[in-house]
>>> print(open('entry-v2.cif').read())   # mmCIF, C-alpha atoms
data_model
loop_
_atom_site.label_atom_id
_atom_site.label_comp_id
_atom_site.auth_asym_id
_atom_site.auth_seq_id
_atom_site.Cartn_x
_atom_site.Cartn_y
_atom_site.Cartn_z
CA MET M 1 -13.39 -4.26 29.06
CA SER M 2 -10.77 -2.54 26.97
CA THR M 3 -11.51 0.24 24.50
CA TYR M 4 -10.54 0.20 20.84
CA VAL M 5 -9.36 3.61 19.60
CA TYR M 6 -9.81 4.59 15.92
CA GLY M 7 -8.67 8.17 15.96
CA ILE M 8 -8.60 11.55 17.63
CA THR M 9 -10.48 14.58 16.42
CA ALA M 10 -11.75 17.96 17.57
CA GLY M 11 -14.75 17.92 19.92
CA SER M 12 -16.31 20.43 17.55
CA HIS M 13 -16.03 17.99 14.61
CA PRO M 14 -19.22 18.51 12.59
CA LYS M 15 -20.19 14.86 12.27
CA LEU M 16 -18.75 12.37 14.69
CA PRO M 17 -19.42 8.80 13.51
CA GLU M 18 -21.47 7.66 16.49
CA GLY M 19 -23.27 4.37 15.95
CA VAL M 20 -21.25 3.41 12.86
CA ASP M 21 -20.12 -0.24 12.65
CA GLY M 22 -16.67 -0.71 14.19
CA VAL M 23 -14.34 -3.69 14.59
CA GLY M 24 -15.51 -7.11 15.75
CA ASP M 25 -18.03 -9.70 14.71
CA PRO M 26 -20.76 -8.66 15.33
CA PRO M 27 -19.47 -5.11 14.78
CA ARG M 28 -19.13 -3.03 17.95
CA ALA M 29 -20.88 0.34 17.69
CA VAL M 30 -18.64 3.36 17.45
CA ARG M 31 -18.95 5.91 20.24
CA VAL M 32 -17.21 9.13 21.16
CA ILE M 33 -15.28 10.10 24.27
CA LYS M 34 -15.06 13.87 24.72
CA GLU M 35 -12.47 15.58 26.84
CA GLY M 36 -11.94 19.34 26.72
CA GLU M 37 -11.84 20.45 23.10
CA LEU M 38 -10.94 16.99 21.85
CA ALA M 39 -12.80 13.78 21.10
CA ALA M 40 -11.67 10.19 20.66
CA VAL M 41 -13.53 7.91 18.26
CA VAL M 42 -13.73 4.51 19.99
CA SER M 43 -15.72 1.32 20.43
CA ASP M 44 -15.62 -1.63 22.77
CA ALA M 45 -12.70 -3.89 21.90
CA PRO M 46 -13.71 -7.43 20.90
CA GLU M 47 -11.90 -10.30 22.59
CA GLY M 48 -8.97 -11.69 20.64
CA LEU M 49 -8.90 -8.99 17.99
CA ARG M 50 -6.60 -9.83 15.07
CA PRO M 51 -5.75 -8.02 11.83
CA LYS M 52 -8.52 -9.68 9.85
CA ARG M 53 -9.93 -8.26 6.68
CA ARG M 54 -13.26 -7.36 8.26
CA ASP M 55 -11.60 -5.49 11.12
CA LEU M 56 -9.05 -3.67 8.98
CA LEU M 57 -11.88 -2.52 6.73
CA ALA M 58 -13.94 -1.38 9.72
CA HIS M 59 -10.99 0.60 11.08
CA GLN M 60 -10.43 2.21 7.68
CA ASN M 61 -14.15 2.92 7.14
CA VAL M 62 -14.65 4.61 10.51
CA LEU M 63 -11.66 6.85 9.82
CA ALA M 64 -12.70 7.58 6.24
CA GLU M 65 -16.14 8.60 7.41
CA THR M 66 -14.75 10.81 10.17
CA GLY M 67 -12.09 12.31 7.91
CA ALA M 68 -14.55 13.16 5.16
CA VAL M 69 -16.02 16.06 7.13
CA GLY M 70 -13.17 17.21 9.37
CA PRO M 71 -9.58 16.49 10.34
CA VAL M 72 -8.84 13.29 12.22
CA LEU M 73 -5.62 11.80 13.56
CA PRO M 74 -5.85 8.13 12.57
CA MET M 75 -4.53 5.60 15.07
CA ARG M 76 -2.50 2.68 13.84
CA PHE M 77 -4.69 -0.44 13.57
CA GLY M 78 -5.18 -2.33 16.81
CA SER M 79 -4.68 0.37 19.45
CA LEU M 80 -6.30 -0.66 22.74
CA SER M 81 -6.79 1.33 25.89
CA PRO M 82 -7.57 -0.36 29.22
CA ASP M 83 -10.80 1.66 29.49
CA ASP M 84 -12.58 4.88 28.48
CA ALA M 85 -11.15 6.82 31.41
CA ALA M 86 -7.60 6.10 30.23
CA VAL M 87 -8.51 7.44 26.76
CA ALA M 88 -9.86 10.65 28.28
CA GLY M 89 -6.68 10.86 30.35
CA VAL M 90 -4.49 10.71 27.23
CA LEU M 91 -6.61 13.37 25.52
CA ALA M 92 -6.26 15.70 28.50
CA GLU M 93 -2.58 15.06 29.00
CA ARG M 94 -1.56 15.66 25.38
CA ALA M 95 -4.25 18.12 24.35
CA ASP M 96 -1.83 20.75 23.01
CA HIS M 97 0.01 18.25 20.87
CA PHE M 98 -3.17 16.76 19.36
CA LYS M 99 -4.66 20.19 18.71
CA GLU M 100 -1.52 21.32 16.92
CA ARG M 101 -1.58 18.22 14.71
CA LEU M 102 -5.29 18.56 13.92
CA GLU M 103 -4.73 22.16 12.93
CA ALA M 104 -1.76 21.27 10.74
CA LEU M 105 -3.73 18.55 8.96
CA ALA M 106 -6.99 20.47 8.55
CA GLY M 107 -8.22 20.34 4.95
CA LYS M 108 -5.49 17.88 3.98
CA VAL M 109 -5.67 14.26 2.87
CA GLU M 110 -3.14 11.54 2.09
CA TYR M 111 -2.60 10.06 -1.34
CA ASN M 112 -0.45 6.95 -1.55
CA VAL M 113 1.39 6.21 -4.77
CA LYS M 114 2.93 2.85 -5.52
CA ALA M 115 4.93 2.19 -8.64
CA SER M 116 6.27 -0.91 -10.30
CA HIS M 117 7.69 -1.68 -13.71
CA ASP M 118 5.88 -3.27 -16.58
CA GLU M 119 8.46 -6.02 -16.93
CA GLU M 120 8.52 -6.38 -20.69
CA ALA M 121 8.57 -2.64 -21.24
CA VAL M 122 11.40 -2.06 -18.80
CA LEU M 123 13.42 -4.88 -20.39
CA HIS M 124 13.06 -3.17 -23.73
CA ARG M 125 14.28 -0.02 -22.14
CA VAL M 126 17.38 -1.41 -20.45
CA MET M 127 18.24 -3.25 -23.64
CA ALA M 128 17.99 -0.08 -25.65
CA GLU M 129 20.23 1.72 -23.17
CA ASN M 130 22.83 -0.99 -22.81
CA PRO M 131 24.79 -2.34 -25.80
CA GLU M 132 26.38 -5.07 -23.70
CA ILE M 133 22.97 -6.54 -22.87
CA ARG M 134 21.98 -6.45 -26.52
CA ALA M 135 25.19 -8.17 -27.57
CA LEU M 136 24.95 -10.87 -24.91
CA THR M 137 21.32 -11.54 -25.75
CA GLU M 138 22.15 -11.87 -29.41
CA ALA M 139 25.06 -14.20 -28.67
CA ASN M 140 22.89 -16.39 -26.48
CA ARG M 141 20.22 -16.59 -29.13
CA GLN M 142 22.65 -17.68 -31.74
CA ALA M 143 23.96 -20.31 -29.38
CA GLY M 144 20.45 -21.69 -29.03
CA GLY M 145 19.80 -20.00 -25.69
CA GLY M 146 23.36 -20.02 -24.44
CA SER M 147 25.14 -22.07 -21.82
CA TYR M 148 24.17 -21.98 -18.15
CA GLU M 149 27.06 -19.58 -17.42
CA GLN M 150 26.18 -17.34 -20.36
CA ARG M 151 22.55 -17.11 -19.30
CA LEU M 152 23.56 -16.44 -15.74
CA ARG M 153 25.91 -13.66 -16.81
CA LEU M 154 23.26 -12.01 -19.00
CA GLY M 155 20.64 -12.31 -16.28
CA GLU M 156 22.94 -10.79 -13.72
CA ILE M 157 23.63 -7.74 -15.86
CA VAL M 158 19.96 -7.33 -16.75
CA VAL M 159 18.84 -7.54 -13.11
CA ALA M 160 21.44 -4.92 -12.15
CA ALA M 161 20.23 -2.64 -14.95
CA VAL M 162 16.59 -3.08 -13.97
CA LYS M 163 17.44 -2.31 -10.34
CA ASN M 164 19.22 0.85 -11.41
CA ARG M 165 16.17 1.91 -13.34
CA GLU M 166 13.98 1.18 -10.31
CA ALA M 167 16.09 3.43 -8.11
CA GLU M 168 16.15 6.21 -10.70
CA ASP M 169 12.42 6.00 -11.31
CA ALA M 170 11.64 6.05 -7.59
CA VAL M 171 13.57 9.30 -7.19
CA GLU M 172 11.98 10.79 -10.28
CA ILE M 173 8.39 9.99 -9.26
CA GLN M 174 8.94 11.67 -5.92
CA HIS M 175 10.70 14.60 -7.57
CA VAL M 176 7.84 15.22 -10.00
CA LEU M 177 5.02 14.92 -7.44
CA GLU M 178 6.68 16.67 -4.49
CA PRO M 179 5.96 20.20 -5.75
CA VAL M 180 2.19 19.57 -5.87
CA ALA M 181 2.04 18.17 -2.32
CA ALA M 182 2.27 19.79 1.10
CA ALA M 183 4.43 17.02 2.55
CA VAL M 184 5.95 13.69 1.56
CA SER M 185 6.42 10.48 3.49
CA VAL M 186 8.23 7.47 2.12
CA GLY M 187 6.20 4.37 2.97
CA PRO M 188 7.44 1.08 4.38
CA GLU M 189 9.82 -0.65 2.01
CA SER M 190 8.75 -3.79 0.31
CA THR M 191 9.96 -5.81 -2.60
CA GLY M 192 6.60 -5.51 -4.35
CA TRP M 193 7.14 -2.03 -5.73
CA LEU M 194 9.96 0.30 -6.66
CA ALA M 195 8.34 3.29 -5.00
CA ASN M 196 5.84 3.57 -2.16
CA VAL M 197 5.36 7.22 -1.29
CA SER M 198 2.58 9.06 0.49
CA PHE M 199 1.79 12.67 -0.29
CA LEU M 200 -0.13 15.09 1.90
CA VAL M 201 -2.41 17.03 -0.41
CA ASP M 202 -4.87 19.88 0.05
CA ARG M 203 -8.31 18.36 -0.33
CA GLU M 204 -9.36 21.36 -2.42
CA SER M 205 -6.50 21.02 -4.88
CA ALA M 206 -6.41 17.22 -5.06
CA GLU M 207 -7.21 17.52 -8.74
CA VAL M 208 -3.84 19.16 -9.38
CA PHE M 209 -2.12 16.22 -7.73
CA ILE M 210 -4.14 13.65 -9.68
CA ASN M 211 -3.30 15.45 -12.91
CA ALA M 212 0.39 15.39 -12.04
CA VAL M 213 0.17 11.62 -11.51
CA GLU M 214 -1.50 11.30 -14.91
CA GLN M 215 1.40 13.21 -16.46
CA VAL M 216 3.89 10.75 -14.94
CA ARG M 217 1.79 7.89 -16.33
CA LYS M 218 1.92 9.37 -19.81
CA SER M 219 5.59 10.23 -19.79
CA HIS M 220 6.65 6.89 -18.27
CA PRO M 221 4.63 4.20 -20.06
CA TYR M 222 6.82 1.42 -18.60
CA LEU M 223 5.70 2.36 -15.07
CA GLU M 224 2.62 0.95 -13.40
CA LEU M 225 1.29 3.51 -10.93
CA ARG M 226 -1.32 2.78 -8.30
CA VAL M 227 -2.84 5.76 -6.55
CA ASN M 228 -4.97 5.46 -3.41
CA GLY M 229 -6.74 8.38 -1.84
CA PRO M 230 -8.06 10.47 -0.36
CA LEU M 231 -7.02 8.66 2.83
CA PRO M 232 -6.88 9.72 6.47
CA PRO M 233 -3.37 11.15 6.96
CA TYR M 234 -1.86 7.94 8.38
CA SER M 235 1.67 8.93 7.36
CA PHE M 236 1.53 12.48 8.66
CA VAL M 237 0.32 12.17 12.25
CA GLU M 238 3.79 12.79 13.67
CA PRO M 239 5.07 16.36 13.68
CA GLY M 240 8.16 17.64 11.98
CA PRO M 241 9.21 17.90 8.34
CA SER M 242 9.30 14.68 6.38
CA PRO M 243 12.74 13.65 5.24
CA PRO M 244 13.22 14.15 1.50
CA ALA M 245 14.20 11.11 -0.53
CA GLU M 246 15.27 8.80 2.25
CA THR M 247 13.37 6.06 3.96
CA ARG M 248 12.06 7.08 7.31
CA THR M 249 12.48 4.60 10.11
CA GLU M 250 10.09 4.53 12.99
CA ASP M 251 9.45 2.53 16.14
CA MET H 1 -14.04 23.48 -12.25
CA THR H 2 -14.44 19.76 -12.38
CA VAL H 3 -15.23 17.76 -9.31
CA VAL H 4 -12.53 15.45 -8.06
CA PRO H 5 -13.81 11.88 -7.82
CA ALA H 6 -14.21 10.76 -4.25
CA GLN H 7 -11.88 7.80 -4.35
CA HIS H 8 -8.96 6.80 -6.50
CA THR H 9 -7.97 3.21 -6.08
CA GLY H 10 -5.59 1.15 -8.12
CA GLY H 11 -7.82 -1.87 -8.27
CA GLY H 12 -11.22 -0.24 -8.41
CA GLY H 13 -13.14 -1.93 -5.60
CA GLY H 14 -13.25 -0.96 -1.96
CA THR H 15 -11.48 -4.01 -0.58
CA SER H 16 -8.80 -4.10 -3.23
CA GLY H 17 -8.20 -0.49 -2.24
CA LEU H 18 -7.73 -1.69 1.32
CA TYR H 19 -5.21 -4.25 0.13
CA ASP H 20 -3.22 -1.46 -1.50
CA VAL H 21 -3.04 0.62 1.66
CA LEU H 22 -2.69 -2.26 4.09
CA GLU H 23 0.80 -1.26 5.17
CA LEU H 24 -0.42 2.24 6.01
CA VAL H 25 -3.21 0.94 8.25
CA LEU H 26 -0.83 -1.52 9.93
CA ASP H 27 2.42 0.39 9.94
CA ARG H 28 1.54 4.10 9.96
CA GLY H 29 -0.89 6.11 12.01
CA LEU H 30 -0.69 7.44 15.53
CA VAL H 31 0.89 5.28 18.22
CA ILE H 32 0.33 6.24 21.84
CA ASP H 33 2.50 4.52 24.40
CA ALA H 34 -0.27 4.44 26.99
CA PHE H 35 -2.21 2.10 24.69
CA ILE H 36 -1.29 -1.44 23.78
CA ARG H 37 -1.48 -2.93 20.29
CA VAL H 38 -2.92 -6.22 19.15
CA SER H 39 -0.49 -8.77 17.80
CA LEU H 40 0.20 -8.55 14.09
CA VAL H 41 1.61 -11.99 13.42
CA GLY H 42 1.38 -12.79 9.76
CA ILE H 43 1.88 -9.44 8.08
CA GLU H 44 4.97 -10.80 6.32
CA ILE H 45 2.60 -11.18 3.39
CA LEU H 46 3.40 -7.54 2.64
CA LYS H 47 6.85 -8.56 1.54
CA ILE H 48 5.60 -10.81 -1.22
CA ASP H 49 4.53 -9.70 -4.63
CA VAL H 50 4.64 -10.97 -8.17
CA ARG H 51 6.94 -8.33 -9.62
CA VAL H 52 9.93 -8.99 -7.46
CA VAL H 53 13.48 -8.47 -8.56
CA ILE H 54 15.65 -10.45 -6.18
CA ALA H 55 19.28 -11.23 -6.82
CA SER H 56 19.28 -15.00 -7.13
CA VAL H 57 20.27 -17.57 -9.67
CA ASP H 58 16.61 -18.23 -10.45
CA THR H 59 16.01 -14.58 -11.12
CA TYR H 60 19.06 -14.27 -13.35
CA LEU H 61 17.97 -17.22 -15.46
CA ARG H 62 14.42 -15.94 -15.66
CA PHE H 63 15.54 -12.53 -16.87
CA ALA H 64 17.98 -14.03 -19.35
CA GLU H 65 15.16 -16.02 -20.82
CA ALA H 66 12.85 -13.01 -20.86
CA CYS H 67 15.49 -11.17 -22.87
CA ASN H 68 15.75 -14.05 -25.31
CA ARG H 69 12.04 -13.95 -25.89
CA LEU H 70 11.84 -10.19 -26.36
CA ASP H 71 11.27 -9.03 -29.88
CA LEU H 72 14.20 -6.69 -30.36
CA GLU H 73 13.00 -5.58 -33.75
CA ALA H 74 9.94 -4.06 -32.17
CA GLY H 75 12.21 -1.42 -30.69
CA PRO H 76 12.40 0.18 -27.29
CA ARG H 77 9.89 2.94 -27.92
CA ARG H 78 7.19 0.55 -28.88
CA SER H 79 4.34 1.10 -26.47
CA PRO H 80 4.11 -1.57 -23.78
CA GLY H 81 1.13 -3.78 -23.29
CA LEU H 82 1.28 -7.07 -25.11
CA PRO H 83 -0.75 -8.68 -22.36
CA ASP H 84 -0.07 -12.28 -23.37
CA LEU H 85 3.68 -12.17 -22.99
CA VAL H 86 3.73 -9.90 -19.95
CA GLY H 87 1.25 -12.12 -18.19
CA GLU H 88 3.25 -15.22 -18.96
CA ILE H 89 6.49 -13.79 -17.65
CA THR H 90 5.16 -12.30 -14.45
CA GLU H 91 3.05 -15.31 -13.59
CA SER H 92 5.83 -17.84 -13.94
CA GLY H 93 8.00 -15.49 -11.94
CA ALA H 94 5.43 -15.27 -9.20
CA ARG H 95 5.17 -18.99 -8.74
CA GLY H 96 8.90 -19.35 -8.26
CA LYS H 97 9.05 -16.43 -5.83
CA SER H 98 6.16 -16.98 -3.52
CA LYS H 99 6.78 -20.63 -2.89
CA GLY H 100 8.51 -21.25 0.40
CA ALA H 101 8.35 -17.60 1.36
CA LEU H 102 4.88 -18.00 2.79
CA SER H 103 4.77 -19.06 6.39
CA GLY H 104 1.65 -20.65 7.79
CA ALA H 105 0.58 -17.47 9.51
CA ALA H 106 1.16 -15.40 6.41
CA GLU H 107 -0.94 -17.80 4.38
CA THR H 108 -3.87 -17.23 6.69
CA ILE H 109 -3.68 -13.51 6.12
CA SER H 110 -3.12 -14.11 2.43
CA ASP H 111 -6.31 -16.15 2.32
CA ALA H 112 -8.16 -13.44 4.15
CA PHE H 113 -7.18 -10.92 1.55
CA LYS H 114 -7.77 -13.17 -1.39
CA GLN H 115 -11.19 -13.65 0.08
CA ALA H 116 -11.49 -9.89 0.52
CA ARG H 117 -10.78 -9.31 -3.11
CA GLU H 118 -13.17 -12.01 -4.23
CA GLU H 119 -15.90 -10.74 -1.99
CA GLY H 120 -15.25 -7.20 -3.11
CA GLN H 121 -17.28 -8.01 -6.19
CA THR H 122 -20.30 -9.09 -4.20
CA GLU H 123 -20.14 -6.38 -1.60
CA SER H 124 -23.59 -5.04 -2.31
CA ARG H 125 -25.13 -8.23 -0.96
CA PRO H 126 -26.33 -7.73 2.59
CA ARG H 127 -24.49 -10.68 4.05
CA PRO H 128 -22.00 -12.38 1.75
CA ARG H 129 -21.70 -16.10 2.23
CA LYS H 130 -18.43 -17.38 3.54
CA SER H 131 -16.10 -18.29 0.76
CA THR H 132 -14.75 -21.79 0.37
CA THR H 133 -11.42 -20.50 1.64
CA ALA H 134 -12.93 -19.51 4.96
CA ARG H 135 -14.84 -22.78 5.27
CA ARG H 136 -11.81 -24.83 4.49
CA LYS H 137 -9.87 -22.93 7.11
CA GLU H 138 -12.50 -23.63 9.71
CA GLU H 139 -12.48 -27.30 8.96
CA GLN H 140 -8.75 -27.42 9.48
CA GLU H 141 -9.00 -25.81 12.87
#
>>> encode(input="entry-v2.cif", output="structure tokens")
Amino acid sequence: MSTYVYGITAGSHPKLPEGVDGVGDPPRAVRVIKEGELAAVVSDAPEGLRPKRRDLLAHQNVLAETGAVGPVLPMRFGSLSPDDAAVAGVLAERADHFKERLEALAGKVEYNVKASHDEEAVLHRVMAENPEIRALTEANRQAGGGSYEQRLRLGEIVVAAVKNREAEDAVEIQHVLEPVAAAVSVGPESTGWLANVSFLVDRESAEVFINAVEQVRKSHPYLELRVNGPLPPYSFVEPGPSPPAETRTED
Amino acid sequence: MTVVPAQHTGGGGGTSGLYDVLELVLDRGLVIDAFIRVSLVGIEILKIDVRVVIASVDTYLRFAEACNRLDLEAGPRRSPGLPDLVGEITESGARGKSKGALSGAAETISDAFKQAREEGQTESRPRPRKSTTARRKEEQE
């Protein structure tokens, strides 16, 4: 039977989550495989595991519980090893690397920030900044909405202006929050938000980070900011400095 | 010194928090080549959201109309948050966008997360009943 791996931690971790509910229905019990100074948090892997809500939550919960009392390297969801012995083998083989990462991430947590525009507010803003948009809007209104071509032209200019604002705001959010974080990782791109950035933050000084986010909220009322954390450091398990304002590509 | 609250989530509940960090759980985290990964068919749902600005004729027309409806006199520095109008614009936008973009597999995941968010409110119950979404899905299978 294959083994589901949640994360890797130090063998000396003060409270390993043994017996906690893991993935599967019924939930498989979490157990610990120790090897040298390291430990892997695992459970039996259920047959036909898929990224279902229950299982994603279980993965996240096990890691949150482990990470709350000591550093953990979270695995990406759905990592399966042929058996426990293979897990121990990986721990032994890459012990130095894992230990270095655990040390680097000790006392640190991830906060993920997603931003989008409040549509009406950002339209007000681009209109205020752009006389051409104001003029075209006014002309269309007076023409009872405007012709198809006129509306298309206005829309095109507005969309371009909104996109510009999105790009500028994404850079600015990162610029403002970077100084209060230990590292930055730009999250996977998606059309749902204009910025998706993870910050590695000292657990002890998380308050400073949260306050900085609040400042951005106040100074940019047309932005909708969603903050999630503290999270296991999903975005910071790989070594090396995070690239500044560019999207990182993996795989 | 004040104590930092344990969890900051955009939506408030535990499962809506999960929804917000879904792409981290699925797309970040440690990958070890000696391990295999389960199939992730259906995560295209991550690409779909209500506040999408895509360059298309539909989008241009929608934005042109949104401009027409804006009250210019209210001025740009007016604080945002007239919920009625904002809601109307984003909702009608969402319907146009999501349609057709959802594949069958993505819909399944979408349902799972809709269900997650609904059940998030009843989490304290020991064993939440299956939602109608889940039942309907089973009947189809």
>>> interface_residues(input="entry-v2.cif", of="chain M", to="chain H", cutoff="7 Å", atoms="all atoms listed in the file", output="MDAnalysis selection string")
chainID M and resid 49:53 57 73:81 119:121 124:125 128 137 141 151:152 154:156 158:159 190:192 207 221:222 226:230 234:235 237
>>> write_last_selection(input="entry-v2.cif", atoms="C-alpha atoms", output="short mmCIF file (atom, residue, chain, number, x, y, z; two decimals), in the frame of the given file")
data_model
loop_
_atom_site.label_atom_id
_atom_site.label_comp_id
_atom_site.auth_asym_id
_atom_site.auth_seq_id
_atom_site.Cartn_x
_atom_site.Cartn_y
_atom_site.Cartn_z
CA LEU M 49 -8.90 -8.99 17.99
CA ARG M 50 -6.60 -9.83 15.07
CA PRO M 51 -5.75 -8.02 11.83
CA LYS M 52 -8.52 -9.68 9.85
CA ARG M 53 -9.93 -8.26 6.68
CA LEU M 57 -11.88 -2.52 6.73
CA LEU M 73 -5.62 11.80 13.56
CA PRO M 74 -5.85 8.13 12.57
CA MET M 75 -4.53 5.60 15.07
CA ARG M 76 -2.50 2.68 13.84
CA PHE M 77 -4.69 -0.44 13.57
CA GLY M 78 -5.18 -2.33 16.81
CA SER M 79 -4.68 0.37 19.45
CA LEU M 80 -6.30 -0.66 22.74
CA SER M 81 -6.79 1.33 25.89
CA GLU M 119 8.46 -6.02 -16.93
CA GLU M 120 8.52 -6.38 -20.69
CA ALA M 121 8.57 -2.64 -21.24
CA HIS M 124 13.06 -3.17 -23.73
CA ARG M 125 14.28 -0.02 -22.14
CA ALA M 128 17.99 -0.08 -25.65
CA THR M 137 21.32 -11.54 -25.75
CA ARG M 141 20.22 -16.59 -29.13
CA ARG M 151 22.55 -17.11 -19.30
CA LEU M 152 23.56 -16.44 -15.74
CA LEU M 154 23.26 -12.01 -19.00
CA GLY M 155 20.64 -12.31 -16.28
CA GLU M 156 22.94 -10.79 -13.72
CA VAL M 158 19.96 -7.33 -16.75
CA VAL M 159 18.84 -7.54 -13.11
CA SER M 190 8.75 -3.79 0.31
CA THR M 191 9.96 -5.81 -2.60
CA GLY M 192 6.60 -5.51 -4.35
CA GLU M 207 -7.21 17.52 -8.74
CA PRO M 221 4.63 4.20 -20.06
CA TYR M 222 6.82 1.42 -18.60
CA ARG M 226 -1.32 2.78 -8.30
CA VAL M 227 -2.84 5.76 -6.55
CA ASN M 228 -4.97 5.46 -3.41
CA GLY M 229 -6.74 8.38 -1.84
CA PRO M 230 -8.06 10.47 -0.36
CA TYR M 234 -1.86 7.94 8.38
CA SER M 235 1.67 8.93 7.36
CA VAL M 237 0.32 12.17 12.25
#
>>> closest_residue(input="entry-v2.cif", among="M:Ala10, M:Glu214, M:Glu129, M:Pro17", to="Leu102 of chain M", atoms="all atoms listed in the file")
M:Ala10
>>> residues_around(input="entry-v2.cif", residues="Pro26 of chain M", least_positions_apart="5", cutoff="12 Å", atoms="only C-alpha atoms", output="PyMOL selection string")
chain M and resi 21+44-47+54-55+58
>>> closest_residue(input="entry-v2.cif", among="M:Asn112, M:Arg28, M:Val126, M:Ala88", to="Pro188 of chain M", atoms="only C-alpha atoms")
M:Asn112
>>> resolve_selection(input="entry-v2.cif", expression="the PyMOL selection byres ((chain M and resi 184) around 7)", output="PDB file with C-alpha atoms, keeping the file's coordinate frame")
ATOM      1  CA  GLU M 178       6.680  16.670  -4.490  1.00  0.00           C
ATOM      2  CA  ALA M 183       4.430  17.020   2.550  1.00  0.00           C
ATOM      3  CA  SER M 185       6.420  10.480   3.490  1.00  0.00           C
ATOM      4  CA  VAL M 186       8.230   7.470   2.120  1.00  0.00           C
ATOM      5  CA  SER M 198       2.580   9.060   0.490  1.00  0.00           C
ATOM      6  CA  PHE M 199       1.790  12.670  -0.290  1.00  0.00           C
ATOM      7  CA  LEU M 200      -0.130  15.090   1.900  1.00  0.00           C
ATOM      8  CA  SER M 242       9.300  14.680   6.380  1.00  0.00           C
TER       9      SER M 242
END
>>> atom_distance(input="entry-v2.cif", atom1="atom CA of Asn196 of chain M", atom2="atom CA of Val213 of chain M")
13.6 Å
>>> atom_distance(input="entry-v2.cif", atom1="atom CA of Val113 of chain M", atom2="atom CA of Met127 of chain M")
27.0 Å
>>> axis_aligned_box(input="entry-v2.cif", around="segment 24-31 of chain H", padding_each_side="8 Å", output="AutoDock Vina command-line options")
--center_x -0.4 --center_y 3.0 --center_z 12.1 --size_x 21.6 --size_y 25.0 --size_z 28.2
>>> atom_distance(input="entry-v2.cif", atom1="atom CA of Ile133 of chain M", atom2="atom CA of Ile173 of chain M")
25.9 Å
>>> resolve_selection(input="entry-v2.cif", expression="the PyMOL selection byres ((chain M and resi 14) around 8)", output="VMD selection string")
chain M and resid 12 to 13 15 to 16 69 to 70
